[in-house]
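S.K.: Here's a structure for you.
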Amino acid sequence: MAANAKQHIEAGQTSLGIELGSTRIKAVLIDWNGTPLASGSFDWENQLINGMWTYSMDDVWNGLRHCYADLAEDVQKQYSTALSQIGSMGISAMMHGYLPFDCEGKQLAAFRTWRNTTTEQAAEQLTKAFAFNIPLRWSIAHLHQVVLDGEEHVAELSYLTTLAGYVHWQLTGEKVLGIGDASGMFPVDDATGGYSASMVDTYDRILAERGYSFKLEQVLPRVLTAGQSGGALTDAGARLLDPSGSLRAGIPFCPPEGDAGTGMVATNSVSSGTGNVSAGTSIFAMLVLDGPLSRMYPEIDLVATPAGRNVAMVHANNCTGDLDAWIKLFRQVLDLSGAQISKPRLYDLLYETALQGDPDCGGLLSYNYYSGEPITALEEGRPLFARLPDAAFNLPNFMRSILFSTMAVLRIGMDILTEQEKVRLTRMMGHGGLFKTERVGQQLMAGALNAPVAVMSGASEGGAWGIALLAAYLASGHASALPLEQYLQEQIFADTQVTCVEPMERDVQGFAEYLLRYRQGLAVQSAAVKHIR
């Protein structure tokens with residue numbers, strides 16, 4: 001196996017996927033059967049600067065170089081060979097946000113990530129103008145907000161893209177974006193595979209009324225679908241990623257994609273009727289639709305798979321951030337005591353104790369709001385923990401409450417699809433940090449959604465693996481004859497093991513009781529935002 005892998009690496013019969021996630025940049029090198037051969041990573045964090053969640057572009061490139069160097073070191077260590085040629089590559093990153101540039105490629109404003117919820121006025125106006133839900137985190141909402149606010153840099157705007165689109169542009173020179181990521185910038189039309197022409201025209205009129213001469217499509221990336229060429233690594237791009245000079249230019253790139261799209265690929269959830277839940281810093285569910293929804297819902301985003309199929313997306317800004325903070329606190333207690341326990345083992349122990357808690361968490365309640373939550377109409381967040389005076393305050397109930405809090409907003413949004421649109425959840429594929437501990441996240445999520453939740457073995461590599469698979473799909477040359485869903489099913493996932501957990505009645509009923517208390521307590525969260533400064 002190792003010998004074959006070395007041959008694939010030295011022959012360039014590999015695909016590399018790199019994803020810039022909220023807390024980690026990860027690279028995964030695979031062979032053309034989808035098997036991971038090596039990986040690298042780099043931990044990073046967003047910053048709250050002047051009221052905006054952001055990452056600096058210096059941190060982006062520092063992180064990418066360290067991540068790639070970590071990957072190259074892993075290749076050298078495992079296979080005693082240098083990583084110099086790669087068959088195909090792809091870049092993925094957090095969707096949405098605002099990254100503006102002038103005609104010379106100068107960044108005009110700090111990167112505003114998906115986490116910012118300061119665009120309520122813009123999103124409301126655009127939703128009305130388009131008769132289409134425009135979430136607060138979408139790029140067009142950010143653009144319109146800076147237009148409404150009269151920010152001076154708008155007059156110089158020449159290009160607007162996402163983080164994945166930016167990195168891809170710097171590496172290849174191509175201003176393009178995969179349709180999945182593009183659908184989180186501006187509404188797309190599944191019939192044409194591009195931006196909605198009628199909505200583009202509507203926004204061009206809005207721009208003209210405010211005195212701007214540029215046209216929207218002049219500043220947005222060109223839209224591509226899975227299997228199309230996104231360009232190739234330039235000499236300058238190779239040096240950006242690998243200053244050592246070992247990496248060769250000319251590597252074909254698939255279209256850059258967002259983390260939602262790569263999550264769908266990594267869980268084989270790109271065909272009609274399939275769905276997945278991604279649970280990390282944020283949490284979102286994606287359901288590939290058979291047809292249109294009956295009407296517009298402000299809680300439901302309509303986006304696209306990397307192949308352009310319509311997807312209903314329920315997105316919550318907050319998931320594991322507060323959970324991680326509590327576990328860090330427990331870590332400090334252990335360090336003070338001199339106890340020796342690894343981080344993964346600590347997570348496993350605390351997750352597992354949640355299964356021993358009372359079904360409804362015994363009267364404990366948690367809100368994990370680091371930032372605002374549009375679904376629950378909160379512009380800002382204040383992490384809170386509360387309990388009734390006679391609550392059963394113990395560690396199992398505490399951990400169960402913290403874990404349930406990561407799922408509550410998602411369930412509120414999902415209720416719209418299941419109760420009003422009568423969407424049937426036959427099975428949801430789970431991936432992300434919440435599912436790393438065996439069974440616990442699956443079981444509690446199954447109870448929260450009242451639906452089976454499955455995890456597959458290969459999806460543990462996450463979105464970096466998903467974008468690597470999209471790069472492999474490009475390299476296969478099958479795109480013109482073999483749809484993406486068929487390629488994944490037949491050539492990648494045919495023999496993949498899937499572990500499925502059915503919902504347990506105690507968890508279903510317990511979560512329902514917890515959610516009722518959660519909804520009633522939202523007034524407390526709202527008051528905290530208003531009064532805790």
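Residue numbering restarts at 1 for every chain of the structure tokens, chains are lettered A, B, ... in their displayed order, and ligands are numbered from 1 as they appear.
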What are the DSSP alpha helix (DSSP H) residues of segment 110-273 of chain A, as an MDAnalysis selection string?

M.R.: chainID A and resid 120:130 139:148 163:172 179:182 197:209 216:219 235:241 259:266

S.K.: At a cut-off of 6 Å, using only C-alpha atoms, what residues contact segment 365-372 of chain A? Leave out same-chain residues fewer than 5 positions from it and give the result as a PyMOL selection string.

M.R.: chain A and resi 318+322+378-387+401-402+405

S.K.: Write the residues of the selection above to a file with C-alpha atoms, as a CSV table (one decimal), in the first residue's frame.

M.R.:
```csv
chain,number,residue,atom,x,y,z
A,318,ASN,CA,-23.0,29.3,16.6
A,322,ASP,CA,-19.1,27.8,23.7
A,378,LEU,CA,-30.6,38.3,17.7
A,379,GLU,CA,-28.1,40.7,16.2
A,380,GLU,CA,-25.4,39.9,18.8
A,381,GLY,CA,-24.5,37.1,21.1
A,382,ARG,CA,-23.9,36.6,24.8
A,383,PRO,CA,-23.0,33.1,25.9
A,384,LEU,CA,-25.2,32.2,28.8
A,385,PHE,CA,-25.8,29.3,31.2
A,386,ALA,CA,-28.9,29.2,33.5
A,387,ARG,CA,-30.6,26.7,35.8
A,401,SER,CA,-27.3,20.9,28.1
A,402,ILE,CA,-24.2,22.3,26.4
A,405,SER,CA,-27.5,24.1,22.9
```

S.K.: Report the distance between atom CA of Gly230 of chain A and atom CA of Gly462 of chain A in Å, rounded to one decimal place.

M.R.: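 Answer for the atom CA of Gly230 of chain A to atom CA of Gly462 of chain A separation: 21.7 Å.
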
S.K.: With only C-alpha atoms as the atoms that count, which of A:Arg506, A:His142, A:Arg519, A:His66 lies nearest to Pro359 of chain A?

M.R.: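 Smallest separation from Pro359 of chain A among the options: A:Arg506.
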
S.K.: Name all residues at most 10 Å from Pro187 of chain A (count only C-alpha atoms; drop same-chain ones fewer than 3 positions away) and give them as a tab-separated table (two decimals) with N, CA and C atoms, in the first residue's frame.

M.R.:
```
chain	number	residue	atom	x	y	z
A	130	PHE	N	-35.93	41.46	-4.25
A	130	PHE	CA	-35.76	40.24	-5.05
A	130	PHE	C	-36.91	39.25	-4.89
A	132	PHE	N	-36.88	37.13	-2.61
A	132	PHE	CA	-36.01	35.97	-2.42
A	132	PHE	C	-35.24	36.20	-1.13
A	133	ASN	N	-35.15	35.20	-0.26
A	133	ASN	CA	-34.49	35.40	1.02
A	133	ASN	C	-33.00	35.69	0.87
A	134	ILE	N	-32.55	36.81	1.37
A	134	ILE	CA	-31.13	37.18	1.38
A	134	ILE	C	-30.68	37.18	2.84
A	138	TRP	N	-24.70	36.80	3.60
A	138	TRP	CA	-24.40	36.71	2.17
A	138	TRP	C	-23.60	37.93	1.70
A	140	ILE	N	-23.80	39.72	-0.99
A	140	ILE	CA	-24.58	40.83	-1.54
A	140	ILE	C	-25.18	41.67	-0.41
A	179	ILE	N	-20.21	27.07	-8.18
A	179	ILE	CA	-21.59	27.54	-8.07
A	179	ILE	C	-22.12	27.43	-6.64
A	182	ALA	N	-20.70	30.45	-4.97
A	182	ALA	CA	-21.30	31.62	-5.61
A	182	ALA	C	-22.73	31.83	-5.13
A	183	SER	N	-23.45	30.73	-4.86
A	183	SER	CA	-24.84	30.84	-4.44
A	183	SER	C	-24.97	31.44	-3.05
A	184	GLY	N	-23.87	31.57	-2.32
A	184	GLY	CA	-23.86	32.25	-1.04
A	184	GLY	C	-23.37	33.69	-1.15
A	190	ASP	N	-30.55	27.82	-11.40
A	190	ASP	CA	-30.12	26.47	-11.73
A	190	ASP	C	-30.30	26.15	-13.20
A	194	GLY	N	-25.71	30.26	-13.71
A	194	GLY	CA	-25.07	31.53	-13.37
A	194	GLY	C	-25.92	32.31	-12.39
A	195	TYR	N	-25.57	33.57	-12.16
A	195	TYR	CA	-26.35	34.41	-11.27
A	195	TYR	C	-27.72	34.69	-11.89
A	196	SER	N	-28.71	34.91	-11.03
A	196	SER	CA	-30.06	35.21	-11.50
A	196	SER	C	-30.05	36.52	-12.28
A	197	ALA	N	-30.35	36.45	-13.56
A	197	ALA	CA	-30.27	37.63	-14.43
A	197	ALA	C	-31.26	38.71	-13.99
A	199	MET	N	-32.47	39.30	-11.00
A	199	MET	CA	-32.04	39.92	-9.75
A	199	MET	C	-30.80	40.79	-9.96
A	200	VAL	N	-29.92	40.37	-10.86
A	200	VAL	CA	-28.77	41.21	-11.21
A	200	VAL	C	-29.25	42.54	-11.78
A	301	ASP	N	-32.13	29.31	3.60
A	301	ASP	CA	-31.34	29.78	2.47
A	301	ASP	C	-31.54	28.82	1.30
A	302	LEU	N	-31.59	29.34	0.09
A	302	LEU	CA	-31.62	28.51	-1.10
A	302	LEU	C	-30.27	28.66	-1.80
A	303	VAL	N	-29.49	27.60	-1.78
A	303	VAL	CA	-28.16	27.61	-2.36
A	303	VAL	C	-28.05	26.46	-3.38
A	304	ALA	N	-26.84	26.00	-3.66
A	304	ALA	CA	-26.66	24.99	-4.70
A	304	ALA	C	-25.57	24.00	-4.33
```

S.K.: For segment 223-247 of chain A versus segment 479-486 of chain A, which residues have an atom no more than 10 Å away, and what is each residue's nearest atom pair and distance in Å rounded to one decimal, using only C-alpha atoms, chain-then-number order, as a Markdown table?

M.R.:
```
| residue | atom | partner | partner_atom | distance |
| --- | --- | --- | --- | --- |
| A:Thr225 | CA | A:Ala479 | CA | 9.8 |
| A:Ala226 | CA | A:Leu484 | CA | 7.2 |
| A:Gly227 | CA | A:Ala479 | CA | 4.9 |
| A:Gln228 | CA | A:Ala479 | CA | 7.5 |
```

S.K.: Export, as a tab-separated table (two decimals), in the first residue's frame, the selected residues with C-alpha atoms.

M.R.:
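And here's selection_1.tsv as it stands now:
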```tsv
chain	number	residue	atom	x	y	z
A	225	THR	CA	-19.75	23.98	-11.89
A	226	ALA	CA	-18.01	20.80	-10.70
A	227	GLY	CA	-15.82	19.24	-13.36
A	228	GLN	CA	-15.04	22.50	-15.16
```

S.K.: Return the single residue from A:Leu334, A:Ala472, A:Val75, A:Ala69 that is closest to Ala38 of chain A, with distances computed using only C-alpha atoms.

M.R.: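 Looking at the shortest contact to Ala38 of chain A, the residue is A:Val75.
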
S.K.: Using 10 Å as the limit and counting only C-alpha atoms, can you tabulate each residue of segment 262-284 of chain A that touches segment 11-24 of chain A, with its shortest atom-to-atom distance in Å and the two atoms involved, as a Markdown table?

M.R.:
```
| residue | atom | partner | partner_atom | distance |
| --- | --- | --- | --- | --- |
| A:Thr262 | CA | A:Glu19 | CA | 8.9 |
| A:Gly280 | CA | A:Ser22 | CA | 8.4 |
| A:Thr281 | CA | A:Ser22 | CA | 6.4 |
| A:Ser282 | CA | A:Ser22 | CA | 8.5 |
```
